[in-house]
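A.B. asks: Have a peek at coords39.pdb (PDB, C-alpha atoms).
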```pdb
ATOM      1  CA  MET A   1     203.873 110.983 191.514  1.00  0.00           C
ATOM      2  CA  ALA A   2     200.268 110.530 192.644  1.00  0.00           C
ATOM      3  CA  GLU A   3     199.381 114.165 191.940  1.00  0.00           C
ATOM      4  CA  LEU A   4     199.291 113.396 188.212  1.00  0.00           C
ATOM      5  CA  CYS A   5     196.246 111.172 188.610  1.00  0.00           C
ATOM      6  CA  THR A   6     194.250 113.674 190.698  1.00  0.00           C
ATOM      7  CA  SER A   7     194.969 116.869 188.773  1.00  0.00           C
ATOM      8  CA  ASN A   8     192.803 116.007 185.761  1.00  0.00           C
ATOM      9  CA  LYS A   9     190.345 113.137 185.909  1.00  0.00           C
ATOM     10  CA  GLN A  10     189.899 113.232 182.111  1.00  0.00           C
ATOM     11  CA  SER A  11     193.568 112.690 181.318  1.00  0.00           C
ATOM     12  CA  THR A  12     194.844 109.419 179.925  1.00  0.00           C
ATOM     13  CA  ILE A  13     197.596 107.761 181.940  1.00  0.00           C
ATOM     14  CA  LYS A  14     199.474 104.735 180.660  1.00  0.00           C
ATOM     15  CA  ILE A  15     202.122 102.999 182.714  1.00  0.00           C
ATOM     16  CA  GLY A  16     204.511 100.824 180.739  1.00  0.00           C
ATOM     17  CA  ILE A  17     206.320  98.053 182.575  1.00  0.00           C
ATOM     18  CA  ASP A  18     209.274  96.021 181.336  1.00  0.00           C
ATOM     19  CA  PRO A  19     209.355  93.249 183.981  1.00  0.00           C
ATOM     20  CA  ASP A  20     212.652  92.167 185.505  1.00  0.00           C
ATOM     21  CA  LEU A  21     213.666  90.132 188.529  1.00  0.00           C
ATOM     22  CA  VAL A  22     215.722  92.841 190.254  1.00  0.00           C
ATOM     23  CA  LYS A  23     214.325  96.173 189.003  1.00  0.00           C
ATOM     24  CA  SER A  24     211.624  96.568 186.384  1.00  0.00           C
ATOM     25  CA  GLY A  25     211.608  99.464 183.953  1.00  0.00           C
ATOM     26  CA  VAL A  26     208.562 101.676 184.563  1.00  0.00           C
ATOM     27  CA  ALA A  27     207.355 104.589 182.453  1.00  0.00           C
ATOM     28  CA  LEU A  28     204.457 106.938 183.070  1.00  0.00           C
ATOM     29  CA  VAL A  29     202.885 108.532 179.998  1.00  0.00           C
ATOM     30  CA  LYS A  30     200.183 111.168 180.444  1.00  0.00           C
ATOM     31  CA  ASP A  31     198.152 112.290 177.437  1.00  0.00           C
ATOM     32  CA  GLY A  32     200.765 110.823 175.093  1.00  0.00           C
ATOM     33  CA  LYS A  33     203.734 112.586 176.766  1.00  0.00           C
ATOM     34  CA  LEU A  34     206.479 110.776 178.641  1.00  0.00           C
ATOM     35  CA  MET A  35     206.420 112.151 182.194  1.00  0.00           C
ATOM     36  CA  GLU A  36     208.411 109.761 184.406  1.00  0.00           C
ATOM     37  CA  LEU A  37     210.898 106.898 184.105  1.00  0.00           C
ATOM     38  CA  HIS A  38     211.847 104.575 186.966  1.00  0.00           C
ATOM     39  CA  ALA A  39     213.692 101.359 187.760  1.00  0.00           C
ATOM     40  CA  LEU A  40     211.718  99.800 190.622  1.00  0.00           C
ATOM     41  CA  GLY A  41     212.076  96.667 192.688  1.00  0.00           C
ATOM     42  CA  PHE A  42     208.957  94.516 193.080  1.00  0.00           C
ATOM     43  CA  PRO A  43     207.670  96.035 196.367  1.00  0.00           C
ATOM     44  CA  GLN A  44     208.297  99.599 195.148  1.00  0.00           C
ATOM     45  CA  LEU A  45     206.540  98.837 191.860  1.00  0.00           C
ATOM     46  CA  LEU A  46     203.451  97.630 193.716  1.00  0.00           C
ATOM     47  CA  GLU A  47     203.455 100.801 195.850  1.00  0.00           C
ATOM     48  CA  PHE A  48     203.781 102.904 192.685  1.00  0.00           C
ATOM     49  CA  ALA A  49     200.869 100.997 191.112  1.00  0.00           C
ATOM     50  CA  LYS A  50     198.649 101.666 194.144  1.00  0.00           C
ATOM     51  CA  ALA A  51     198.899 105.405 193.489  1.00  0.00           C
ATOM     52  CA  PHE A  52     197.600 104.962 189.922  1.00  0.00           C
ATOM     53  CA  LYS A  53     195.332 101.913 190.102  1.00  0.00           C
ATOM     54  CA  GLU A  54     192.153 103.965 189.638  1.00  0.00           C
ATOM     55  CA  SER A  55     193.398 106.235 186.863  1.00  0.00           C
ATOM     56  CA  ALA A  56     195.888 104.333 184.720  1.00  0.00           C
ATOM     57  CA  VAL A  57     196.140 101.482 182.293  1.00  0.00           C
ATOM     58  CA  PHE A  58     199.156  99.268 182.953  1.00  0.00           C
ATOM     59  CA  ILE A  59     200.862  98.119 179.753  1.00  0.00           C
ATOM     60  CA  VAL A  60     202.997  95.097 180.668  1.00  0.00           C
ATOM     61  CA  GLU A  61     205.374  93.380 178.284  1.00  0.00           C
ATOM     62  CA  ASN A  62     204.125  89.815 177.880  1.00  0.00           C
ATOM     63  CA  VAL A  63     207.388  87.923 178.267  1.00  0.00           C
ATOM     64  CA  GLU A  64     205.426  84.679 177.869  1.00  0.00           C
ATOM     65  CA  TYR A  65     204.855  85.537 174.200  1.00  0.00           C
ATOM     66  CA  ASP A  66     208.073  83.895 173.007  1.00  0.00           C
ATOM     67  CA  LYS A  67     208.441  80.380 174.391  1.00  0.00           C
ATOM     68  CA  THR A  68     211.961  79.674 173.102  1.00  0.00           C
ATOM     69  CA  THR A  69     215.416  80.873 174.059  1.00  0.00           C
ATOM     70  CA  TYR A  70     217.338  81.135 170.799  1.00  0.00           C
ATOM     71  CA  LYS A  71     221.031  80.350 170.289  1.00  0.00           C
ATOM     72  CA  ARG A  72     223.026  83.545 170.227  1.00  0.00           C
ATOM     73  CA  PRO A  73     226.225  84.051 168.273  1.00  0.00           C
ATOM     74  CA  ASN A  74     229.474  83.583 170.207  1.00  0.00           C
ATOM     75  CA  THR A  75     227.835  81.928 173.219  1.00  0.00           C
ATOM     76  CA  THR A  76     228.869  78.709 174.858  1.00  0.00           C
ATOM     77  CA  PRO A  77     226.372  76.083 176.059  1.00  0.00           C
ATOM     78  CA  ALA A  78     226.978  77.262 179.638  1.00  0.00           C
ATOM     79  CA  MET A  79     226.193  80.852 178.642  1.00  0.00           C
ATOM     80  CA  MET A  80     222.999  79.721 176.909  1.00  0.00           C
ATOM     81  CA  ARG A  81     221.904  77.827 180.035  1.00  0.00           C
ATOM     82  CA  LYS A  82     222.455  80.981 182.105  1.00  0.00           C
ATOM     83  CA  ILE A  83     220.455  83.060 179.616  1.00  0.00           C
ATOM     84  CA  ALA A  84     217.624  80.519 179.729  1.00  0.00           C
ATOM     85  CA  GLN A  85     217.681  80.577 183.532  1.00  0.00           C
ATOM     86  CA  ASN A  86     217.524  84.401 183.575  1.00  0.00           C
ATOM     87  CA  VAL A  87     214.637  84.400 181.087  1.00  0.00           C
ATOM     88  CA  GLY A  88     212.770  81.955 183.323  1.00  0.00           C
ATOM     89  CA  MET A  89     213.249  84.225 186.348  1.00  0.00           C
ATOM     90  CA  VAL A  90     211.901  87.206 184.389  1.00  0.00           C
ATOM     91  CA  LYS A  91     208.896  85.170 183.226  1.00  0.00           C
ATOM     92  CA  GLY A  92     208.133  84.188 186.821  1.00  0.00           C
ATOM     93  CA  THR A  93     208.417  87.796 187.967  1.00  0.00           C
ATOM     94  CA  ALA A  94     206.097  88.942 185.173  1.00  0.00           C
ATOM     95  CA  ARG A  95     203.483  86.328 186.108  1.00  0.00           C
ATOM     96  CA  HIS A  96     203.504  87.427 189.741  1.00  0.00           C
ATOM     97  CA  LEU A  97     203.463  91.105 188.805  1.00  0.00           C
ATOM     98  CA  ILE A  98     200.436  90.719 186.526  1.00  0.00           C
ATOM     99  CA  SER A  99     198.663  88.629 189.162  1.00  0.00           C
ATOM    100  CA  CYS A 100     199.324  91.271 191.852  1.00  0.00           C
ATOM    101  CA  LEU A 101     198.246  94.172 189.621  1.00  0.00           C
ATOM    102  CA  GLU A 102     195.018  92.410 188.682  1.00  0.00           C
ATOM    103  CA  TYR A 103     194.362  91.488 192.323  1.00  0.00           C
ATOM    104  CA  MET A 104     194.805  95.165 193.275  1.00  0.00           C
ATOM    105  CA  GLY A 105     192.168  96.107 190.701  1.00  0.00           C
ATOM    106  CA  CYS A 106     194.503  97.633 188.133  1.00  0.00           C
ATOM    107  CA  LYS A 107     193.562  97.524 184.467  1.00  0.00           C
ATOM    108  CA  VAL A 108     196.317  95.438 182.841  1.00  0.00           C
ATOM    109  CA  VAL A 109     197.015  95.045 179.143  1.00  0.00           C
ATOM    110  CA  LYS A 110     199.628  92.461 178.170  1.00  0.00           C
ATOM    111  CA  VAL A 111     201.435  93.225 174.925  1.00  0.00           C
ATOM    112  CA  LYS A 112     203.919  91.171 172.977  1.00  0.00           C
ATOM    113  CA  PRO A 113     207.481  92.490 172.971  1.00  0.00           C
ATOM    114  CA  LEU A 114     207.841  95.334 170.494  1.00  0.00           C
ATOM    115  CA  THR A 115     209.926  94.887 167.361  1.00  0.00           C
ATOM    116  CA  GLY A 116     211.209  97.035 164.543  1.00  0.00           C
ATOM    117  CA  PRO A 117     214.023  99.484 163.846  1.00  0.00           C
ATOM    118  CA  VAL A 118     212.813 102.303 166.132  1.00  0.00           C
ATOM    119  CA  LYS A 119     212.448  99.881 169.041  1.00  0.00           C
ATOM    120  CA  ARG A 120     215.880  98.359 168.471  1.00  0.00           C
ATOM    121  CA  GLU A 121     217.608 101.725 168.172  1.00  0.00           C
ATOM    122  CA  ALA A 122     215.722 103.426 171.019  1.00  0.00           C
ATOM    123  CA  LYS A 123     216.329 100.533 173.404  1.00  0.00           C
ATOM    124  CA  LYS A 124     220.080 100.393 172.727  1.00  0.00           C
ATOM    125  CA  ASN A 125     220.860 104.091 172.150  1.00  0.00           C
ATOM    126  CA  ALA A 126     220.031 106.595 174.909  1.00  0.00           C
ATOM    127  CA  ASP A 127     220.856 109.625 172.730  1.00  0.00           C
ATOM    128  CA  TYR A 128     218.515 108.409 169.993  1.00  0.00           C
ATOM    129  CA  PHE A 129     215.789 107.754 172.574  1.00  0.00           C
ATOM    130  CA  ASN A 130     216.174 111.206 174.159  1.00  0.00           C
ATOM    131  CA  LYS A 131     216.132 112.956 170.797  1.00  0.00           C
ATOM    132  CA  THR A 132     213.192 110.959 169.424  1.00  0.00           C
ATOM    133  CA  PHE A 133     210.957 111.180 172.493  1.00  0.00           C
ATOM    134  CA  GLY A 134     212.081 114.503 173.983  1.00  0.00           C
ATOM    135  CA  TRP A 135     213.384 112.973 177.191  1.00  0.00           C
ATOM    136  CA  LYS A 136     216.087 114.695 179.192  1.00  0.00           C
ATOM    137  CA  GLY A 137     217.891 112.629 181.734  1.00  0.00           C
ATOM    138  CA  ARG A 138     219.504 109.303 182.310  1.00  0.00           C
ATOM    139  CA  THR A 139     217.901 106.063 181.247  1.00  0.00           C
ATOM    140  CA  ASN A 140     218.730 102.409 180.892  1.00  0.00           C
ATOM    141  CA  GLU A 141     217.437  99.772 178.456  1.00  0.00           C
ATOM    142  CA  ASP A 142     214.662  98.639 180.804  1.00  0.00           C
ATOM    143  CA  LYS A 143     213.360 102.190 181.336  1.00  0.00           C
ATOM    144  CA  ARG A 144     213.496 102.902 177.614  1.00  0.00           C
ATOM    145  CA  ASP A 145     211.680  99.651 176.837  1.00  0.00           C
ATOM    146  CA  ALA A 146     208.954 100.531 179.370  1.00  0.00           C
ATOM    147  CA  ALA A 147     208.608 103.960 177.778  1.00  0.00           C
ATOM    148  CA  LEU A 148     208.256 102.436 174.330  1.00  0.00           C
ATOM    149  CA  LEU A 149     205.505 100.127 175.614  1.00  0.00           C
ATOM    150  CA  ALA A 150     203.526 102.989 177.160  1.00  0.00           C
ATOM    151  CA  LEU A 151     204.072 105.333 174.210  1.00  0.00           C
ATOM    152  CA  SER A 152     203.055 102.698 171.669  1.00  0.00           C
ATOM    153  CA  ALA A 153     199.773 102.246 173.552  1.00  0.00           C
ATOM    154  CA  ALA A 154     199.190 106.002 173.986  1.00  0.00           C
TER     155      ALA A 154
END
```
Hey, can you dump this file as C-alpha coordinates for me?
C.D. replies:
Amino acid sequence: MAELCTSNKQSTIKIGIDPDLVKSGVALVKDGKLMELHALGFPQLLEFAKAFKESAVFIVENVEYDKTTYKRPNTTPAMMRKIAQNVGMVKGTARHLISCLEYMGCKVVKVKPLTGPVKREAKKNADYFNKTFGWKGRTNEDKRDAALLALSAA
(Lines of atoms letter the chains of each structure in order from A and count residues from 1; the text may use other names and numbers.)
(Lines give C-alpha, C1' and ligand atoms only; values in the text may rest on other atoms or scores of the structure.)
Protein backbone atom coordinates (compact mmCIF):
# COMPACT_ATOMS: atom_id res chain seq x y z
CA MET A 1 0.00 0.00 0.00
CA ALA A 2 2.56 2.60 1.06
CA GLU A 3 4.66 2.11 -2.07
CA LEU A 4 2.10 4.09 -4.07
CA CYS A 5 2.93 7.29 -2.22
CA THR A 6 6.72 6.96 -2.63
CA SER A 7 6.90 5.88 -6.26
CA ASN A 8 5.95 9.26 -7.73
CA LYS A 9 5.93 12.37 -5.57
CA GLN A 10 4.01 14.30 -8.25
CA SER A 11 1.06 11.92 -8.36
CA THR A 12 -2.31 12.84 -6.93
CA ILE A 13 -3.67 10.46 -4.31
CA LYS A 14 -7.19 10.75 -2.97
CA ILE A 15 -8.51 8.47 -0.27
CA GLY A 16 -12.28 8.29 -0.02
CA ILE A 17 -13.80 7.21 3.28
CA ASP A 18 -17.40 6.21 3.94
CA PRO A 19 -17.40 6.17 7.77
CA ASP A 20 -19.06 3.32 9.64
CA LEU A 21 -19.00 2.06 13.21
CA VAL A 22 -17.72 -1.45 12.45
CA LYS A 23 -15.80 -1.18 9.15
CA SER A 24 -15.52 1.94 7.04
CA GLY A 25 -15.36 1.79 3.26
CA VAL A 26 -11.98 3.06 2.04
CA ALA A 27 -10.91 3.71 -1.54
CA LEU A 28 -7.53 4.81 -2.86
CA VAL A 29 -7.53 6.72 -6.14
CA LYS A 30 -4.22 7.60 -7.78
CA ASP A 31 -4.17 10.05 -10.69
CA GLY A 32 -7.91 9.56 -11.20
CA LYS A 33 -7.72 5.73 -11.30
CA LEU A 34 -9.24 3.47 -8.66
CA MET A 35 -6.36 1.44 -7.22
CA GLU A 36 -7.55 -0.11 -3.94
CA LEU A 37 -10.78 -0.80 -2.04
CA HIS A 38 -10.93 -1.81 1.62
CA ALA A 39 -13.32 -2.30 4.52
CA LEU A 40 -11.31 -1.28 7.60
CA GLY A 41 -12.02 -1.15 11.30
CA PHE A 42 -11.12 2.09 13.10
CA PRO A 43 -7.58 1.09 14.24
CA GLN A 44 -6.72 -0.38 10.82
CA LEU A 45 -8.03 2.75 9.09
CA LEU A 46 -5.76 4.95 11.21
CA GLU A 47 -2.77 2.72 10.37
CA PHE A 48 -3.68 2.93 6.67
CA ALA A 49 -3.92 6.73 6.94
CA LYS A 50 -0.44 6.95 8.52
CA ALA A 51 1.07 5.47 5.35
CA PHE A 52 -0.50 8.22 3.21
CA LYS A 53 -0.72 11.23 5.52
CA GLU A 54 2.02 13.13 3.68
CA SER A 55 0.89 12.37 0.13
CA ALA A 56 -2.89 12.07 0.07
CA VAL A 57 -6.03 14.09 0.48
CA PHE A 58 -8.65 12.30 2.57
CA ILE A 59 -12.18 12.77 1.23
CA VAL A 60 -14.56 11.92 4.08
CA GLU A 61 -18.32 11.74 3.72
CA ASN A 62 -19.76 14.40 6.01
CA VAL A 63 -22.51 12.39 7.69
CA GLU A 64 -23.36 15.49 9.75
CA TYR A 65 -24.71 17.15 6.60
CA ASP A 66 -28.22 15.76 7.01
CA LYS A 67 -29.55 16.33 10.52
CA THR A 68 -32.79 14.34 10.19
CA THR A 69 -33.62 10.66 10.01
CA TYR A 70 -36.54 10.40 7.61
CA LYS A 71 -39.47 7.97 7.87
CA ARG A 72 -38.94 5.07 5.53
CA PRO A 73 -41.72 3.12 3.85
CA ASN A 74 -42.77 -0.12 5.56
CA THR A 75 -40.93 0.60 8.81
CA THR A 76 -42.34 0.41 12.29
CA PRO A 77 -41.59 2.99 14.99
CA ALA A 78 -39.19 0.49 16.60
CA MET A 79 -37.35 0.06 13.30
CA MET A 80 -37.09 3.83 12.90
CA ARG A 81 -35.63 4.17 16.41
CA LYS A 82 -33.01 1.53 15.54
CA ILE A 83 -32.15 3.34 12.30
CA ALA A 84 -31.79 6.62 14.19
CA GLN A 85 -29.56 4.93 16.76
CA ASN A 86 -27.34 3.45 14.01
CA VAL A 87 -27.09 6.83 12.27
CA GLY A 88 -26.00 8.39 15.56
CA MET A 89 -23.27 5.78 16.00
CA VAL A 90 -21.99 6.46 12.47
CA LYS A 91 -22.00 10.21 13.12
CA GLY A 92 -19.96 9.70 16.29
CA THR A 93 -17.48 7.49 14.46
CA ALA A 94 -17.12 10.07 11.68
CA ARG A 95 -16.45 12.86 14.19
CA HIS A 96 -13.72 10.84 15.89
CA LEU A 97 -12.23 9.74 12.58
CA ILE A 98 -11.99 13.30 11.26
CA SER A 99 -10.52 14.48 14.56
CA CYS A 100 -7.89 11.70 14.50
CA LEU A 101 -6.97 12.31 10.85
CA GLU A 102 -6.57 16.04 11.45
CA TYR A 103 -4.54 15.40 14.61
CA MET A 104 -2.23 13.11 12.60
CA GLY A 105 -1.66 15.93 10.12
CA CYS A 106 -3.73 14.52 7.27
CA LYS A 107 -5.38 16.88 4.82
CA VAL A 108 -9.12 16.22 5.25
CA VAL A 109 -11.93 17.40 3.00
CA LYS A 110 -15.47 16.79 4.24
CA VAL A 111 -18.04 16.40 1.48
CA LYS A 112 -21.79 16.09 1.66
CA PRO A 113 -23.19 12.68 0.74
CA LEU A 114 -23.30 12.26 -3.03
CA THR A 115 -26.63 12.11 -4.83
CA GLY A 116 -27.88 11.38 -8.31
CA PRO A 117 -28.62 8.40 -10.54
CA VAL A 118 -25.01 7.23 -11.03
CA LYS A 119 -24.41 7.29 -7.28
CA ARG A 120 -27.62 5.40 -6.52
CA GLU A 121 -26.98 2.74 -9.15
CA ALA A 122 -23.25 2.34 -8.46
CA LYS A 123 -23.79 2.04 -4.71
CA LYS A 124 -26.50 -0.63 -5.03
CA ASN A 125 -25.28 -2.55 -8.10
CA ALA A 126 -21.79 -4.10 -8.04
CA ASP A 127 -21.90 -5.09 -11.72
CA TYR A 128 -22.79 -1.54 -12.75
CA PHE A 129 -20.01 -0.17 -10.53
CA ASN A 130 -17.41 -2.59 -11.95
CA LYS A 131 -18.41 -1.85 -15.53
CA THR A 132 -18.56 1.93 -15.05
CA PHE A 133 -15.30 2.32 -13.13
CA GLY A 134 -13.28 -0.60 -14.51
CA TRP A 135 -13.00 -2.37 -11.18
CA LYS A 136 -12.49 -6.11 -11.02
CA GLY A 137 -13.19 -7.79 -7.75
CA ARG A 138 -15.63 -7.95 -4.92
CA THR A 139 -17.08 -4.86 -3.32
CA ASN A 140 -19.78 -3.86 -0.90
CA GLU A 141 -21.89 -0.69 -0.67
CA ASP A 142 -19.48 1.02 1.73
CA LYS A 143 -16.45 0.36 -0.50
CA ARG A 144 -18.33 1.54 -3.57
CA ASP A 145 -19.49 4.68 -1.76
CA ALA A 146 -15.89 5.43 -0.69
CA ALA A 147 -14.75 4.96 -4.28
CA LEU A 148 -17.40 7.34 -5.55
CA LEU A 149 -16.27 9.97 -3.02
CA ALA A 150 -12.62 9.71 -4.06
CA LEU A 151 -13.40 9.55 -7.78
CA SER A 152 -15.73 12.55 -7.62
CA ALA A 153 -12.92 14.57 -6.04
CA ALA A 154 -10.26 13.30 -8.48
A.B. asks: Emit as JSON the padded axis-aligned box for all listed atoms of segment 82-95 of chain A, 3 Å per side, with centre and edge lengths in Å to one decimal.
C.D. replies:
```
{"center_x": 213.0, "center_y": 84.7, "center_z": 183.8, "size_x": 25.0, "size_y": 14.4, "size_z": 14.4}
```
A.B. asks: So that I can check the surroundings of segment 98-113 of chain A, please list as a PyMOL selection string every protein, DNA and RNA residue that reaches within 12 Å of it, counting all atoms listed in the file and ignoring chain neighbours fewer than 4 positions away.
C.D. replies: chain A and resi 13-19+42-43+45-67+91-94+119-120+123+145-146+148-150+152-153
A.B. asks: Which is closer to Leu40 of chain A than all the others in A:Gly137, A:Tyr70, A:Val87, A:Asp142, using all atoms listed in the file?
C.D. replies: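 Checking each candidate against Leu40 of chain A, we get A:Asp142 as the closest.
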A.B. asks: Using Å and a single decimal, report how far atom CA of Thr132 of chain A sits from atom CA of Val118 of chain A.
C.D. replies: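 Going from atom CA of Val118 of chain A over to atom CA of Thr132 of chain A, I get 9.3 Å.
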A.B. asks: Would you mind telling me which residue in A:Arg81, A:His38, A:Arg72, A:His96 lies nearest to Leu21 of chain A when using all atoms listed in the file?
C.D. replies: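 Result for the nearest residue to Leu21 of chain A: A:His96.
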A.B. asks: Mind checking which residues fall within 7 Å of Leu37 of chain A, counting only C-alpha atoms, ignoring those fewer than 4 positions away in the same chain, and posting them as a JSON list (two decimals) with C-alpha atoms, in the frame of the given file?
C.D. replies:
```json
[["chain", "number", "residue", "atom", "x", "y", "z"],
["A", 26, "VAL", "CA", 208.56, 101.68, 184.56],
["A", 27, "ALA", "CA", 207.36, 104.59, 182.45],
["A", 28, "LEU", "CA", 204.46, 106.94, 183.07],
["A", 143, "LYS", "CA", 213.36, 102.19, 181.34]]
```
A.B. asks: So that I can check the surroundings of Ala39 of chain A, please list as a PyMOL selection string every protein, DNA and RNA residue that reaches within 6 Å of it, counting all atoms listed in the file and ignoring chain neighbours fewer than 6 positions away.
C.D. replies: chain A and resi 23-25
A.B. asks: Any idea what the distance is between atom CA of Leu34 of chain A and atom CA of Thr12 of chain A?
C.D. replies: 11.8 Å
A.B. asks: Kindly indicate which residue among A:Gln85, A:Asp31, A:Trp135, A:Glu141 lies nearest to Thr69 of chain A, using all atoms listed in the file for the distances.
C.D. replies: A:Gln85
A.B. asks: Atom CA of Glu121 of chain A and atom CA of Gly134 of chain A, how far apart in Å?
C.D. replies: 15.1 Å
A.B. asks: Which of these, A:Gly116, A:Leu151, A:Arg144, A:Asn86, has the shortest distance to Lys30 of chain A once you count only C-alpha atoms?
C.D. replies: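 Looking at the shortest contact to Lys30 of chain A, the residue is A:Leu151.
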A.B. asks: Near Phe133 of chain A, counting only C-alpha atoms, which residues have an atom at most 9 Å away, once you skip same-chain residues fewer than 4 positions from it, shown as a list of chain:residue names?
C.D. replies: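 Final neighbour list, sorted by chain and number: A:Lys33, A:Leu34, A:Tyr128, A:Phe129.
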A.B. asks: If I only have part of segment 114-139 of chain A, can you fill in N, CA and C atoms and write it as a short mmCIF file (atom, residue, chain, number, x, y, z; two decimals), in the coordinates of the input?
C.D. replies:
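What landed in out_34.cif:
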```cif
data_model
loop_
_atom_site.label_atom_id
_atom_site.label_comp_id
_atom_site.auth_asym_id
_atom_site.auth_seq_id
_atom_site.Cartn_x
_atom_site.Cartn_y
_atom_site.Cartn_z
N LEU A 114 207.80 94.51 171.70
CA LEU A 114 207.84 95.33 170.49
C LEU A 114 209.02 94.93 169.62
N THR A 115 208.86 95.17 168.33
CA THR A 115 209.93 94.89 167.36
C THR A 115 210.05 96.07 166.41
N GLY A 116 211.05 96.02 165.56
CA GLY A 116 211.21 97.04 164.54
C GLY A 116 212.42 97.91 164.78
N PRO A 117 212.79 98.69 163.77
CA PRO A 117 214.02 99.48 163.85
C PRO A 117 214.00 100.57 164.92
N VAL A 118 212.87 101.25 165.11
CA VAL A 118 212.81 102.30 166.13
C VAL A 118 212.99 101.68 167.50
N LYS A 119 212.33 100.56 167.75
CA LYS A 119 212.45 99.88 169.04
C LYS A 119 213.88 99.46 169.30
N ARG A 120 214.50 98.82 168.30
CA ARG A 120 215.88 98.36 168.47
C ARG A 120 216.82 99.52 168.77
N GLU A 121 216.70 100.58 168.00
CA GLU A 121 217.61 101.72 168.17
C GLU A 121 217.34 102.46 169.49
N ALA A 122 216.07 102.68 169.80
CA ALA A 122 215.72 103.43 171.02
C ALA A 122 216.10 102.65 172.28
N LYS A 123 215.98 101.33 172.23
CA LYS A 123 216.33 100.53 173.40
C LYS A 123 217.84 100.56 173.65
N LYS A 124 218.62 100.48 172.59
CA LYS A 124 220.08 100.39 172.73
C LYS A 124 220.78 101.74 172.83
N ASN A 125 220.17 102.81 172.30
CA ASN A 125 220.86 104.09 172.15
C ASN A 125 220.12 105.18 172.92
N ALA A 126 220.67 105.58 174.06
CA ALA A 126 220.03 106.60 174.91
C ALA A 126 219.91 107.94 174.20
N ASP A 127 220.92 108.34 173.44
CA ASP A 127 220.86 109.62 172.73
C ASP A 127 219.73 109.63 171.71
N TYR A 128 219.60 108.53 170.97
CA TYR A 128 218.52 108.41 169.99
C TYR A 128 217.16 108.47 170.70
N PHE A 129 217.03 107.76 171.81
CA PHE A 129 215.79 107.75 172.57
C PHE A 129 215.45 109.17 173.03
N ASN A 130 216.41 109.85 173.65
CA ASN A 130 216.17 111.21 174.16
C ASN A 130 215.75 112.16 173.05
N LYS A 131 216.43 112.07 171.92
CA LYS A 131 216.13 112.96 170.80
C LYS A 131 214.76 112.64 170.21
N THR A 132 214.45 111.38 170.05
CA THR A 132 213.19 110.96 169.42
C THR A 132 211.98 111.25 170.30
N PHE A 133 212.12 111.06 171.61
CA PHE A 133 210.96 111.18 172.49
C PHE A 133 211.01 112.40 173.42
N GLY A 134 212.01 113.27 173.22
CA GLY A 134 212.08 114.50 173.98
C GLY A 134 212.38 114.32 175.45
N TRP A 135 213.05 113.24 175.79
CA TRP A 135 213.38 112.97 177.19
C TRP A 135 214.73 113.60 177.52
N LYS A 136 214.81 114.18 178.70
CA LYS A 136 216.09 114.70 179.19
C LYS A 136 216.39 113.94 180.48
N GLY A 137 217.54 113.37 180.53
CA GLY A 137 217.89 112.63 181.73
C GLY A 137 218.43 111.25 181.41
N ARG A 138 218.89 110.62 182.45
CA ARG A 138 219.50 109.30 182.31
C ARG A 138 218.44 108.23 182.19
N THR A 139 218.79 107.21 181.41
CA THR A 139 217.90 106.06 181.25
C THR A 139 218.75 104.80 181.18
#
```
